[in-house]
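What follows is a set of notes on a single structure, which appears directly below.
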Amino acid sequence: MKTIVVTGGTSGIGHALANTYLDRGEQVVVLGPDPAKGKKFLNAAHKSGAADRAFFIEADLSLVSENQRAIGQIKTRFAAVDALVLCARYFRSHRMVTSEGFEHNFALYYLSRYLLGYGLADQMNKADTPVVMNIAGPGAGAAGIQWDDLGLERGYDGWSAMFQGGRLNDLLGVSFADEKNGHRARYVLLFPGGTRTGFAGDFDPATAAHVDQMKRAAQPVEFAIPPIVRIIDAPPREPLSAFVEGMPLSLIRPAFDKGAAARLDSITRELLHDKLSAS
């Protein structure tokens with residue numbers, strides 16, 4: 001029996017993936033901030049006879065401390081992690097800073113994925129064919145990163161914050177997959193295409209109208225799941241790979257520049273040093 005960890009697993013793609021693996025008899029750990037949604041997930045698992053294989057960890061993953069707590073709980077309870085599926089994201093039309101001083105999108109969409117990937121690397125090293133599945137938007141290009149303003153204090157825009165998060169995740173994948181790290185987990189960056197999910201967020205009126213249009217034109221969530229499951233079940237042999245709407249994406253492009261990845265990794269470690277030292 002495999003252990004699948006899913007962030008953002010109480011709605012949208014994450015929820016559909018969690019249920020898919022529960023139905024297949026695997027052990028599924030869902031992370032999310034809403035206890036009511038977590039209870040609903042556990043109740044559904046109980047009704048389907050999967051109560052002993054379904055787990056919910058309530059955590060606000062925009063906080064470094066909450067990521068660290070969730071990582072600790074997973075490491076204590078599960079000897080190995082076969083797949084880490086990173087889906088958690090929350091759109092904000094207006095800039096918000098967390099209680100730890102990080103811009104919310106940067107914290108949830110990037111820092112959380114950084115912390116969970118590295119924090120659970122040892123658990124994944126113990127699995128047979130471990131994989132990190134990062135649901136993002138690969139290939140946009142590192143040139144769009146605001147290196148001197150990662151928190152977008154100057155001229156914040158919700159879409160810019162989301163796209164920058166995708167670019168940062170490309171570079172995170174490059175760093176994680178570096179052979180010197182000794183990670184056995186294959187790192188996969190994947191954009192499933194427009195999907196009719198919850199697309200959680202706090203929208204201004206114009207953005208809300210645009211999101212409604214996107215949802216009407218998007219594919220049903222059940223169409224997005226099989227390609228993701230196929231990759232999780234049989235990860236690529238390469239340490240890092242990227243897919244856009246089912247098609248493999250060449251890594252020979254600026255979005256996956258090793259120099260930019262090393263730069264981001266250094267900045268991230270510096271930003272997190274005090275937070276992790278205090279935990």
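Starting from 1 in every chain, residues are counted up; chains themselves are A, B, ... following the order of the structure tokens, and ligands are numbered from 1 as listed.
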
If you take only C-alpha atoms and a cut-off of 10 Å, which residues of segment 134-195 of chain A touch segment 6-13 of chain A, and what are their nearest atom pairs and distances in Å to one decimal, in chain and number order, as a tab-separated table?
```
residue	atom	partner	partner_atom	distance
A:Ile135	CA	A:Ile13	CA	9.1
A:Pro192	CA	A:Ile13	CA	9.4
A:Thr195	CA	A:Ile13	CA	8.2
```

Using only N, CA and C atoms, please write the residues we just selected to a file, as a PDB file, in the first residue's frame.
```pdb
ATOM      1  N   ILE A 135       1.812  20.661  -9.233  1.00  0.00           N
ATOM      2  CA  ILE A 135       0.818  21.183 -10.169  1.00  0.00           C
ATOM      3  C   ILE A 135       1.009  22.689 -10.250  1.00  0.00           C
ATOM      4  N   PRO A 192      -2.116  20.920 -16.026  1.00  0.00           N
ATOM      5  CA  PRO A 192      -3.093  20.005 -16.622  1.00  0.00           C
ATOM      6  C   PRO A 192      -3.989  20.638 -17.679  1.00  0.00           C
ATOM      7  N   THR A 195      -8.972  23.844 -15.960  1.00  0.00           N
ATOM      8  CA  THR A 195      -9.794  22.817 -15.310  1.00  0.00           C
ATOM      9  C   THR A 195     -10.884  23.470 -14.475  1.00  0.00           C
TER      10      THR A 195
END
```

Just want the 10 Å neighbourhood of Thr207 of chain A, counted on only C-alpha atoms, with same-chain residues fewer than 4 positions away dropped. Output as an MDAnalysis selection string. chainID A and resid 91:93 158:159 201:203 211:213

Give me, as number ranges by chain, the residues of segment 39-206 of chain A that a backbone DSSP run labels alpha helix (DSSP H).
A: 39-47, 64-77, 104-105, 112-119, 121-125, 158-176, 205-206

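Nearest residue to Gln146 of chain A, choosing from A:Met96, A:Arg230, A:Val28, A:Leu264 and counting only C-alpha atoms: A:Leu264.
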
Q. Which polymer residues have any atom within 8 Å of an atom of Asn67 of chain A, counting only C-alpha atoms, with same-chain residues fewer than 5 positions away left out, as an MDAnalysis selection string?
A. chainID A and resid 59:62 112 115:116

TODO: Going by DSSP on the backbone, which bits of segment 86-141 of chain A are strand (DSSP E)? Write them as a PyMOL selection string, please.
DONE: chain A and resi 86+91-92+131-135

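Atom CA of Thr268 of chain A to atom CA of Arg186 of chain A spans 21.3 Å [interatomic distance, one decimal].
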